[in-house]
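To be precise, the following lines are work.tsv, and they hold TSV, C-alpha atoms and all ligand atoms.
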chain	number	residue	atom	x	y	z
A	1	MET	CA	0.00	0.00	0.00
A	2	LEU	CA	2.71	2.50	1.02
A	3	GLU	CA	5.86	2.14	-1.01
A	4	VAL	CA	8.93	4.26	-0.31
A	5	SER	CA	11.61	3.75	-2.95
A	6	ASN	CA	15.19	4.93	-2.80
A	7	VAL	CA	14.37	8.12	-0.90
A	8	SER	CA	17.22	10.47	-0.02
A	9	LYS	CA	17.21	13.79	1.77
A	10	SER	CA	20.02	16.12	2.79
A	11	TYR	CA	20.00	19.10	5.09
A	12	PHE	CA	22.30	22.05	4.61
A	13	SER	CA	23.23	23.95	7.71
A	14	GLY	CA	26.10	26.34	8.00
A	15	ASN	CA	28.23	25.23	5.09
A	16	GLN	CA	27.76	21.54	5.81
A	17	THR	CA	25.59	18.99	4.07
A	18	ARG	CA	24.24	16.11	6.09
A	19	LYS	CA	22.48	13.18	4.54
A	20	ALA	CA	19.52	12.54	6.84
A	21	LEU	CA	18.06	9.88	4.52
A	22	ASN	CA	20.19	7.75	2.24
A	23	GLY	CA	18.46	5.52	-0.32
A	24	ILE	CA	15.59	4.45	1.91
A	25	ASP	CA	13.26	1.63	0.81
A	26	MET	CA	10.27	0.81	2.97
A	27	THR	CA	6.82	-0.69	2.50
A	28	VAL	CA	3.72	-0.88	4.64
A	29	SER	CA	1.06	-3.29	3.38
A	30	LYS	CA	-2.66	-3.12	3.94
A	31	GLY	CA	-3.53	-4.02	7.52
A	32	GLU	CA	0.11	-4.35	8.56
A	33	VAL	CA	1.61	-2.95	11.78
A	34	VAL	CA	5.19	-2.00	11.00
A	35	GLY	CA	7.78	-0.72	13.46
A	36	LEU	CA	10.56	1.73	12.72
A	37	VAL	CA	13.39	1.97	15.25
A	38	GLY	CA	16.90	3.35	15.38
A	39	GLU	CA	19.03	5.61	17.51
A	40	SER	CA	18.26	9.27	17.97
A	41	GLY	CA	19.13	11.23	14.82
A	42	SER	CA	18.97	8.18	12.52
A	43	GLY	CA	16.28	9.84	10.39
A	44	LYS	CA	12.99	8.30	11.51
A	45	SER	CA	11.07	11.56	11.90
A	46	THR	CA	12.58	12.96	8.72
A	47	LEU	CA	11.33	9.88	6.88
A	48	SER	CA	7.82	10.30	8.28
A	49	ARG	CA	7.77	13.99	7.30
A	50	VAL	CA	8.99	13.18	3.80
A	51	VAL	CA	6.35	10.45	3.42
A	52	MET	CA	3.69	12.98	4.46
A	53	GLN	CA	5.10	15.55	2.00
A	54	LEU	CA	5.75	18.04	4.82
A	55	GLU	CA	9.26	18.12	3.38
A	56	SER	CA	10.33	17.06	-0.06
A	57	ALA	CA	12.81	14.31	-0.84
A	58	ASP	CA	15.89	15.10	-2.94
A	59	ASP	CA	15.55	11.77	-4.67
A	60	GLY	CA	13.33	8.71	-4.82
A	61	SER	CA	9.58	8.26	-4.77
A	62	ILE	CA	6.64	7.63	-2.49
A	63	ALA	CA	3.60	5.78	-3.76
A	64	PHE	CA	0.34	4.99	-2.06
A	65	ASN	CA	-2.00	2.36	-3.54
A	66	GLY	CA	0.07	2.48	-6.70
A	67	GLN	CA	-0.19	6.25	-7.10
A	68	LEU	CA	2.74	8.59	-6.79
A	69	VAL	CA	2.35	10.96	-3.81
A	70	THR	CA	3.51	14.52	-4.49
A	71	ARG	CA	3.16	17.87	-2.79
A	72	LYS	CA	0.44	18.68	-5.30
A	73	ASN	CA	-1.82	15.74	-4.56
A	74	ARG	CA	-0.98	15.44	-0.86
A	75	LYS	CA	-4.43	16.79	0.16
A	76	SER	CA	-6.13	13.68	-1.17
A	77	PHE	CA	-3.38	11.53	0.36
A	78	TYR	CA	-4.30	13.01	3.77
A	79	GLN	CA	-7.77	11.52	3.46
A	80	ALA	CA	-6.08	8.14	3.45
A	81	SER	CA	-3.06	8.74	5.63
A	82	GLN	CA	-2.45	10.62	8.87
A	83	LEU	CA	0.62	11.43	10.96
A	84	ILE	CA	0.61	11.90	14.74
A	85	PHE	CA	3.52	13.28	16.73
A	86	GLN	CA	4.75	12.68	20.24
A	87	ASN	CA	3.87	15.97	21.77
A	88	ALA	CA	0.09	15.92	22.04
A	89	SER	CA	-0.19	19.08	24.10
A	90	ALA	CA	1.71	21.04	21.42
A	91	ALA	CA	-0.46	19.54	18.70
A	92	LEU	CA	-3.71	20.60	20.33
A	93	ASN	CA	-4.80	24.22	20.08
A	94	PRO	CA	-4.95	25.37	23.73
A	95	SER	CA	-7.74	27.88	23.13
A	96	TRP	CA	-10.10	25.35	21.57
A	97	THR	CA	-12.32	22.90	23.39
A	98	VAL	CA	-11.97	19.21	22.58
A	99	ARG	CA	-15.18	19.54	20.56
A	100	GLU	CA	-13.74	22.34	18.42
A	101	ILE	CA	-10.48	20.43	17.98
A	102	LEU	CA	-12.36	17.36	16.78
A	103	LEU	CA	-14.70	19.27	14.45
A	104	GLU	CA	-11.79	20.85	12.60
A	105	PRO	CA	-10.65	17.82	10.52
A	106	LEU	CA	-14.28	17.22	9.55
A	107	ARG	CA	-14.78	20.68	7.97
A	108	THR	CA	-15.57	19.18	4.60
A	109	MET	CA	-17.53	16.19	5.85
A	110	LYS	CA	-21.14	15.95	4.81
A	111	GLY	CA	-23.71	14.67	7.28
A	112	ASP	CA	-23.85	14.84	11.04
A	113	ARG	CA	-20.30	15.66	12.21
A	114	GLU	CA	-21.25	15.80	15.90
A	115	ALA	CA	-22.81	12.34	15.75
A	116	HIS	CA	-19.68	10.98	14.06
A	117	ILE	CA	-17.52	12.45	16.84
A	118	ARG	CA	-19.76	11.01	19.55
A	119	ARG	CA	-19.59	7.59	17.91
A	120	MET	CA	-15.80	7.69	17.65
A	121	LEU	CA	-15.22	9.00	21.21
A	122	GLY	CA	-15.99	5.57	22.62
A	123	ARG	CA	-13.30	4.03	20.40
A	124	VAL	CA	-10.58	5.94	22.26
A	125	LYS	CA	-12.37	5.37	25.57
A	126	LEU	CA	-13.33	8.98	26.18
A	127	SER	CA	-16.81	10.11	27.19
A	128	GLU	CA	-18.84	13.05	25.91
A	129	THR	CA	-18.07	15.04	29.04
A	130	TYR	CA	-14.58	15.64	27.61
A	131	LEU	CA	-15.98	17.59	24.66
A	132	HIS	CA	-16.32	20.79	26.67
A	133	ARG	CA	-12.85	20.69	28.22
A	134	TYR	CA	-9.71	22.47	27.10
A	135	PRO	CA	-6.46	20.52	26.44
A	136	SER	CA	-4.90	21.97	29.60
A	137	GLU	CA	-7.67	20.29	31.59
A	138	LEU	CA	-6.65	16.82	30.36
A	139	SER	CA	-3.93	14.42	31.50
A	140	GLY	CA	-1.09	13.52	29.11
A	141	GLY	CA	-2.75	10.21	28.26
A	142	GLU	CA	-6.11	11.88	27.64
A	143	GLN	CA	-4.47	14.52	25.45
A	144	GLN	CA	-2.84	11.77	23.37
A	145	ARG	CA	-6.23	10.06	22.98
A	146	VAL	CA	-7.79	13.29	21.72
A	147	ASN	CA	-4.83	13.73	19.38
A	148	LEU	CA	-5.26	10.16	18.19
A	149	LEU	CA	-9.01	10.56	17.75
A	150	ARG	CA	-8.48	13.70	15.70
A	151	SER	CA	-6.41	11.65	13.25
A	152	LEU	CA	-8.87	8.75	13.29
A	153	LEU	CA	-11.96	10.83	12.47
A	154	VAL	CA	-11.17	10.80	8.76
A	155	GLU	CA	-10.85	6.99	9.04
A	156	PRO	CA	-7.37	6.76	7.52
A	157	ASP	CA	-6.05	3.60	5.84
A	158	LEU	CA	-2.59	4.36	7.21
A	159	LEU	CA	-1.61	5.95	10.50
A	160	ILE	CA	1.99	7.03	11.09
A	161	CYS	CA	2.72	7.32	14.81
A	162	ASP	CA	5.97	9.13	15.64
A	163	GLU	CA	6.85	8.48	19.29
A	164	ILE	CA	3.27	8.84	20.42
A	165	VAL	CA	3.67	6.81	23.60
A	166	SER	CA	6.92	8.33	24.84
A	167	ASN	CA	6.52	10.28	28.07
A	168	LEU	CA	3.48	8.25	29.08
A	169	ASP	CA	3.57	5.75	31.88
A	170	ARG	CA	3.71	2.06	31.03
A	171	LEU	CA	0.03	1.36	31.70
A	172	ILE	CA	-1.27	4.25	29.56
A	173	GLN	CA	1.32	3.33	26.94
A	174	ARG	CA	-0.02	-0.21	26.84
A	175	GLU	CA	-3.62	1.07	26.66
A	176	ILE	CA	-2.85	3.29	23.67
A	177	ILE	CA	-0.97	0.51	21.87
A	178	ASP	CA	-3.81	-1.94	22.49
A	179	LEU	CA	-6.22	0.63	21.17
A	180	LEU	CA	-4.14	0.99	18.00
A	181	LEU	CA	-4.06	-2.79	17.58
A	182	GLU	CA	-7.83	-2.94	18.03
A	183	LEU	CA	-8.29	-0.30	15.31
A	184	ASN	CA	-5.89	-2.23	13.14
A	185	ARG	CA	-7.95	-5.42	13.56
A	186	GLU	CA	-11.38	-3.86	13.28
A	187	MET	CA	-10.81	-1.22	10.61
A	188	GLY	CA	-7.90	-2.85	8.79
A	189	MET	CA	-5.93	0.36	9.40
A	190	SER	CA	-2.21	-0.01	8.66
A	191	ILE	CA	0.17	1.48	11.20
A	192	LEU	CA	3.75	2.69	10.98
A	193	PHE	CA	4.88	2.77	14.59
A	194	ILE	CA	8.02	4.80	15.27
A	195	ALA	CA	9.40	4.43	18.79
A	196	HIS	CA	12.48	4.13	20.95
A	197	ASP	CA	10.81	1.70	23.27
A	198	LEU	CA	11.88	-1.65	21.79
A	199	PRO	CA	9.70	-3.87	23.99
A	200	ALA	CA	6.66	-1.81	22.97
A	201	VAL	CA	7.60	-2.05	19.28
A	202	MET	CA	8.19	-5.81	19.56
A	203	TYR	CA	4.83	-6.22	21.23
A	204	ALA	CA	2.90	-4.11	18.72
A	205	CYS	CA	4.46	-4.90	15.36
A	206	ASP	CA	4.35	-7.67	12.75
A	207	ARG	CA	7.54	-6.42	11.12
A	208	ILE	CA	10.30	-4.06	12.24
A	209	TYR	CA	12.70	-1.86	10.27
A	210	VAL	CA	15.95	-0.64	11.79
A	211	MET	CA	17.56	2.64	10.72
A	212	LYS	CA	21.07	3.87	11.36
A	213	ASP	CA	22.70	7.08	10.10
A	214	GLY	CA	20.03	7.68	7.46
A	215	ARG	CA	20.07	4.16	6.07
A	216	MET	CA	17.70	1.23	6.46
A	217	VAL	CA	20.10	-1.38	7.83
A	218	ASP	CA	17.81	-4.28	8.74
A	219	GLU	CA	14.31	-5.64	8.68
A	220	SER	CA	12.65	-8.60	10.36
A	221	VAL	CA	9.24	-10.23	10.33
A	222	LYS	CA	7.85	-11.57	13.60
A	223	LYS	CA	7.88	-15.37	13.60
A	224	ASP	CA	6.36	-17.20	16.57
A	225	GLY	CA	6.51	-13.96	18.53
A	226	VAL	CA	10.23	-13.45	17.85
A	227	PHE	CA	12.25	-11.21	15.54
A	228	HIS	CA	15.49	-12.27	13.88
A	229	PHE	CA	17.89	-9.57	12.80
A	230	SER	CA	21.03	-10.11	10.77
A	231	HIS	CA	22.80	-6.73	10.89
A	232	THR	CA	25.26	-6.42	13.78
A	233	TYR	CA	23.88	-3.11	14.98
A	234	ALA	CA	20.27	-4.35	14.91
A	235	LYS	CA	21.25	-7.55	16.72
A	236	ARG	CA	23.02	-5.60	19.45
A	237	LEU	CA	20.08	-3.26	19.80
A	238	PHE	CA	17.58	-6.06	20.25
A	239	ASP	CA	19.80	-8.37	22.27
A	240	SER	CA	19.81	-5.73	24.94
A	241	VAL	CA	16.06	-6.16	25.47
A	242	LEU	CA	15.70	-9.93	25.27
A	243	GLY	CA	14.01	-11.23	28.34
A	244	ASN	CA	12.65	-7.78	28.92
A	245	ARG	CA	9.78	-7.90	26.46
A	246	MET	CA	6.40	-6.33	27.02
A	247	LYS	CA	4.44	-9.51	27.75
A	248	GLU	CA	1.48	-10.34	25.52
A	301	LIG	N1	15.21	20.80	9.77
A	301	LIG	C1	16.43	20.25	9.89
A	301	LIG	N2	17.54	20.93	9.52
A	301	LIG	C2	18.77	20.38	9.62
A	301	LIG	N3	18.98	19.13	10.07
A	301	LIG	C3	17.92	18.41	10.46
A	301	LIG	C4	16.59	18.93	10.40
A	301	LIG	N4	15.73	17.97	10.84
A	301	LIG	C5	16.49	16.92	11.18
A	301	LIG	N5	17.80	17.18	10.95
A	301	LIG	C6	18.92	16.23	11.16
A	301	LIG	O1	18.62	15.05	10.45
A	301	LIG	C7	19.00	13.90	11.20
A	301	LIG	C8	17.78	13.00	11.40
A	301	LIG	O2	16.86	13.62	12.30
A	301	LIG	P1	15.48	12.95	12.72
A	301	LIG	O3	14.71	13.95	13.49
A	301	LIG	O4	14.84	12.39	11.52
A	301	LIG	O5	15.97	11.76	13.66
A	301	LIG	P2	15.10	10.72	14.50
A	301	LIG	O6	15.54	9.36	14.07
A	301	LIG	O7	13.67	11.03	14.40
A	301	LIG	O8	15.63	10.98	15.98
A	301	LIG	P3	14.85	10.90	17.39
A	301	LIG	O9	14.80	9.45	17.70
A	301	LIG	O10	15.73	11.65	18.32
A	301	LIG	O11	13.49	11.51	17.22
A	301	LIG	C9	19.61	14.43	12.49
A	301	LIG	O12	20.98	14.45	12.33
A	301	LIG	C10	19.06	15.83	12.61
A	301	LIG	O13	19.96	16.65	13.28
A	302	MG	MG	12.20	11.65	15.78
Any chance you could give the structure as structure tokens?
Ligand SMILES: Nc1ncnc2c1ncn2[C@@H]1O[C@H](COP(=O)(O)OP(=O)(O)OP(=O)(O)O)[C@@H](O)[C@H]1O
Ligand SMILES: [Mg+2]
Amino acid sequence: MLEVSNVSKSYFSGNQTRKALNGIDMTVSKGEVVGLVGESGSGKSTLSRVVMQLESADDGSIAFNGQLVTRKNRKSFYQASQLIFQNASAALNPSWTVREILLEPLRTMKGDREAHIRRMLGRVKLSETYLHRYPSELSGGEQQRVNLLRSLLVEPDLLICDEIVSNLDRLIQREIIDLLLELNREMGMSILFIAHDLPAVMYACDRIYVMKDGRMVDESVKKDGVFHFSHTYAKRLFDSVLGNRMKE
């Protein structure tokens, strides 16, 4: 469904060029939950921004359902694909109520938008009483649910989650991941799950990509609940968490 082919991207700062993405290939199939891990600065967020056309690639292509995604047609791509970031409180307009925040992505929707919101609230385990609150009146976990719901309202086929469970405690983290997995099962929504938390990624994902210094260095499919990596760096990374997995 999502096909990233040979994508490269450099940043110029000062008089230096740094290759943040170097010939990246990546796919996410329909209904698949795919993890993307790698040390800080390896290019994960850059890749998600390039996929979403928030920044343009220097080279390579991004296709969705066989169609090339470009800055020009990205509006229609956003009906099918949504990106959520880590910092929910920064993503939510502080002067809007939850209701106003949730109505915004539905501007162009025909039919009863309020009813759609009320129906979807239950999915992220929030009640209607939250609609009249401001983001500052919500806990971190609740803010992330509102942020998540805002992306889910357009019923995307693909959801890219960039560190959305960092900074949340383990229990809330688990609740949000389980919610994503439920949406994946029930709506067939594909998920690209970017995170530092390896046990969480191993728990959530069917397949994991590993990035290092702007390159995709390894990839493994889950077999009998276990991942097998071949690249030395990826092996080292995952060896450090063996026996420490988020239990299913
Ligand atoms: N706007 C920018 N201008 C210049 N360099 C940038 C810019 N954005 C990112 N970079 C550089 O590109 C590289 C990749 O950054 P990126 O944010 O994609 O890493 P990441 O894998 O998401 O890291 P983290 O796990 O810390 O979120 C880093 O070296 C970063 O400094
Ligand atoms: Mg990042």
Residues around (-3.4, 8.7, -1.1), cut-off 10 Å, counting only C-alpha atoms - what are they as a CSV table (one decimal) with C-alpha atoms, in the frame of the given file?
chain,number,residue,atom,x,y,z
A,1,MET,CA,0.0,0.0,0.0
A,2,LEU,CA,2.7,2.5,1.0
A,52,MET,CA,3.7,13.0,4.5
A,63,ALA,CA,3.6,5.8,-3.8
A,64,PHE,CA,0.3,5.0,-2.1
A,65,ASN,CA,-2.0,2.4,-3.5
A,66,GLY,CA,0.1,2.5,-6.7
A,67,GLN,CA,-0.2,6.2,-7.1
A,68,LEU,CA,2.7,8.6,-6.8
A,69,VAL,CA,2.4,11.0,-3.8
A,70,THR,CA,3.5,14.5,-4.5
A,73,ASN,CA,-1.8,15.7,-4.6
A,74,ARG,CA,-1.0,15.4,-0.9
A,75,LYS,CA,-4.4,16.8,0.2
A,76,SER,CA,-6.1,13.7,-1.2
A,77,PHE,CA,-3.4,11.5,0.4
A,78,TYR,CA,-4.3,13.0,3.8
A,79,GLN,CA,-7.8,11.5,3.5
A,80,ALA,CA,-6.1,8.1,3.4
A,81,SER,CA,-3.1,8.7,5.6
A,156,PRO,CA,-7.4,6.8,7.5
A,157,ASP,CA,-6.0,3.6,5.8
A,158,LEU,CA,-2.6,4.4,7.2
So, counting all atoms listed in the file, which residue among A:Val7, A:Ala200, A:Leu92, A:Ile24 is closest to Glu175 (chain A)? A:Ala200
Which residues are near ligand MG 302 (chain A) in this structure, taking near to mean any atom at most 10 Å from a ligand atom and counting only C-alpha atoms and all ligand atoms? Format them as a ChimeraX atom specification. /A:37-49,85-86,162-163,194-196
Do you know which residues are at most 8 Å from Leu153 (chain A) counting only C-alpha atoms, after dropping those on the same chain fewer than 5 positions away, and could you put them as an MDAnalysis selection string? chainID A and resid 102 105:106 116:117 120
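Picture a line from CA of Val50 (chain A) to CA of Val221 (chain A); it runs 24.3 Å.
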Grab all the atoms of ligand LIG 301 (chain A) that the file lists, wrap them in a box along x, y and z, add 6 Å per side, and give me centre plus edge lengths in Å (one decimal) as JSON.
{"center_x": 17.2, "center_y": 15.1, "center_z": 13.9, "size_x": 19.5, "size_y": 23.6, "size_z": 20.8}
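Nearest to His132 (chain A) of all the residues A:Arg107, A:Ser166, A:Glu219, A:Thr97 is A:Thr97, based on only C-alpha atoms.
Excluding Asn147 (chain A) itself and any same-chain residue fewer than 2 positions from it, the protein and nucleic acid residues within 9 Å of it, counting only C-alpha atoms, are Ile84, Phe85, Ala88, Ser89, Ala91, Leu92, Ile101, Leu102, Glu142, Gln143, Gln144, Arg145, Leu149, Arg150, Ser151 and Leu152 of chain A.
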For ligand LIG 301 (chain A), which residue among A:Leu237, A:Leu159, A:Val210, A:Gly188 is the nearest when counting all atoms listed in the file? A:Val210
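Restricting the calculation to all atoms listed in the file, the smallest distance between ligand LIG 301 (chain A) and any of A:Glu3, A:Met211, A:Asp169, A:Ile191 is found for A:Met211.
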Spatial neighbours of Tyr134 (chain A), 8 Å, only C-alpha atoms, chain gap at least 2 places, as a list in words: Pro94, Ser95, Trp96, Thr97, Val98, His132, Ser136, Glu137 and Leu138 of chain A
Those residues with C-alpha atoms, as a PDB file, in the coordinates of the input please?
ATOM      1  CA  PRO A  94      -4.950  25.370  23.730  1.00  0.00           C
ATOM      2  CA  SER A  95      -7.740  27.880  23.130  1.00  0.00           C
ATOM      3  CA  TRP A  96     -10.100  25.350  21.570  1.00  0.00           C
ATOM      4  CA  THR A  97     -12.320  22.900  23.390  1.00  0.00           C
ATOM      5  CA  VAL A  98     -11.970  19.210  22.580  1.00  0.00           C
ATOM      6  CA  HIS A 132     -16.320  20.790  26.670  1.00  0.00           C
ATOM      7  CA  SER A 136      -4.900  21.970  29.600  1.00  0.00           C
ATOM      8  CA  GLU A 137      -7.670  20.290  31.590  1.00  0.00           C
ATOM      9  CA  LEU A 138      -6.650  16.820  30.360  1.00  0.00           C
TER      10      LEU A 138
END
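Nearest-residue note for ligand LIG 301 (chain A): choosing from A:Met216, A:Arg174, A:Glu104, A:Thr129, the minimum distance belongs to A:Met216, counting all atoms listed in the file.
Across the model, the gap from CA of Leu198 (chain A) to CA of Gly214 (chain A) is 18.9 Å.
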May I ask for the distance between CA of Ser29 (chain A) and CA of Val217 (chain A), given in Å to one decimal place? 19.6 Å
Please provide as a list of chain:residue names all residues within 9 Å of Glu32 (chain A), with the sequence filter that same-chain residues fewer than 2 positions apart are discarded (counting all atoms listed in the file). A:Val28, A:Ser29, A:Lys30, A:Val34, A:Asn184, A:Gly188, A:Met189, A:Ser190, A:Ile191, A:Leu192, A:Cys205, A:Asp206, A:Arg207
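Residue nearest Ser240 (chain A), chosen from A:Pro199, A:Arg215, A:Ala20, A:Ser61 and counting only C-alpha atoms: A:Pro199.
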Since fewer atoms than expected are present, regenerate all heavy atoms for region 228-238 of chain A and write them as a short mmCIF file (atom, residue, chain, number, x, y, z; two decimals), keeping the file's coordinate frame.
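Result file out.cif:
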data_model
loop_
_atom_site.label_atom_id
_atom_site.label_comp_id
_atom_site.auth_asym_id
_atom_site.auth_seq_id
_atom_site.Cartn_x
_atom_site.Cartn_y
_atom_site.Cartn_z
N HIS A 228 14.10 -11.84 14.14
CA HIS A 228 15.49 -12.27 13.88
C HIS A 228 16.17 -11.24 13.01
O HIS A 228 15.80 -11.07 11.85
CB HIS A 228 15.50 -13.62 13.18
CG HIS A 228 14.92 -14.71 14.01
ND1 HIS A 228 15.63 -15.34 15.01
CD2 HIS A 228 13.68 -15.25 14.02
CE1 HIS A 228 14.85 -16.23 15.59
NE2 HIS A 228 13.66 -16.19 15.01
N PHE A 229 17.17 -10.57 13.57
CA PHE A 229 17.89 -9.57 12.80
C PHE A 229 19.23 -10.11 12.37
O PHE A 229 19.80 -10.98 13.03
CB PHE A 229 18.07 -8.30 13.64
CG PHE A 229 16.76 -7.61 13.90
CD1 PHE A 229 16.05 -7.85 15.08
CD2 PHE A 229 16.21 -6.76 12.96
CE1 PHE A 229 14.83 -7.24 15.30
CE2 PHE A 229 15.00 -6.15 13.17
CZ PHE A 229 14.30 -6.39 14.35
N SER A 230 19.75 -9.59 11.25
CA SER A 230 21.03 -10.11 10.77
C SER A 230 22.15 -9.07 10.86
O SER A 230 23.32 -9.42 10.98
CB SER A 230 20.90 -10.61 9.33
OG SER A 230 20.20 -9.68 8.57
N HIS A 231 21.79 -7.80 10.82
CA HIS A 231 22.80 -6.73 10.89
C HIS A 231 23.33 -6.61 12.32
O HIS A 231 22.55 -6.65 13.28
CB HIS A 231 22.16 -5.43 10.43
CG HIS A 231 23.13 -4.30 10.26
ND1 HIS A 231 23.52 -3.51 11.32
CD2 HIS A 231 23.77 -3.84 9.18
CE1 HIS A 231 24.36 -2.59 10.88
NE2 HIS A 231 24.53 -2.76 9.58
N THR A 232 24.63 -6.45 12.45
CA THR A 232 25.26 -6.42 13.78
C THR A 232 24.63 -5.37 14.70
O THR A 232 24.34 -5.65 15.86
CB THR A 232 26.77 -6.06 13.65
OG1 THR A 232 27.26 -6.75 12.52
CG2 THR A 232 27.53 -6.44 14.88
N TYR A 233 24.43 -4.18 14.15
CA TYR A 233 23.88 -3.11 14.98
C TYR A 233 22.47 -3.47 15.48
O TYR A 233 22.15 -3.31 16.66
CB TYR A 233 23.85 -1.80 14.17
CG TYR A 233 23.04 -0.72 14.83
CD1 TYR A 233 23.52 -0.06 15.96
CD2 TYR A 233 21.78 -0.39 14.36
CE1 TYR A 233 22.77 0.91 16.58
CE2 TYR A 233 21.01 0.58 14.96
CZ TYR A 233 21.51 1.23 16.07
OH TYR A 233 20.76 2.19 16.69
N ALA A 234 21.65 -4.00 14.55
CA ALA A 234 20.27 -4.35 14.91
C ALA A 234 20.26 -5.47 15.95
O ALA A 234 19.49 -5.44 16.91
CB ALA A 234 19.51 -4.78 13.66
N LYS A 235 21.15 -6.44 15.76
CA LYS A 235 21.25 -7.55 16.72
C LYS A 235 21.58 -7.02 18.11
O LYS A 235 20.95 -7.40 19.09
CB LYS A 235 22.36 -8.51 16.29
CG LYS A 235 21.90 -9.57 15.33
CD LYS A 235 23.06 -10.54 15.17
CE LYS A 235 22.68 -11.71 14.30
NZ LYS A 235 23.86 -12.34 13.72
N ARG A 236 22.59 -6.16 18.16
CA ARG A 236 23.02 -5.60 19.45
C ARG A 236 21.89 -4.86 20.12
O ARG A 236 21.62 -5.00 21.31
CB ARG A 236 24.20 -4.64 19.23
CG ARG A 236 25.53 -5.22 19.53
CD ARG A 236 26.54 -4.24 20.11
NE ARG A 236 26.34 -2.83 19.81
CZ ARG A 236 26.94 -2.19 18.80
NH1 ARG A 236 27.75 -2.82 17.99
NH2 ARG A 236 26.71 -0.90 18.60
N LEU A 237 21.20 -4.06 19.30
CA LEU A 237 20.08 -3.26 19.80
C LEU A 237 19.03 -4.15 20.45
O LEU A 237 18.59 -3.90 21.57
CB LEU A 237 19.48 -2.51 18.60
CG LEU A 237 18.57 -1.34 18.85
CD1 LEU A 237 19.36 -0.20 19.49
CD2 LEU A 237 17.97 -0.86 17.53
N PHE A 238 18.67 -5.22 19.75
CA PHE A 238 17.58 -6.06 20.25
C PHE A 238 18.02 -7.06 21.29
O PHE A 238 17.25 -7.45 22.14
CB PHE A 238 16.84 -6.72 19.08
CG PHE A 238 15.88 -5.77 18.43
CD1 PHE A 238 16.30 -4.92 17.43
CD2 PHE A 238 14.56 -5.70 18.86
CE1 PHE A 238 15.42 -4.01 16.85
CE2 PHE A 238 13.68 -4.80 18.29
CZ PHE A 238 14.11 -3.96 17.28
#
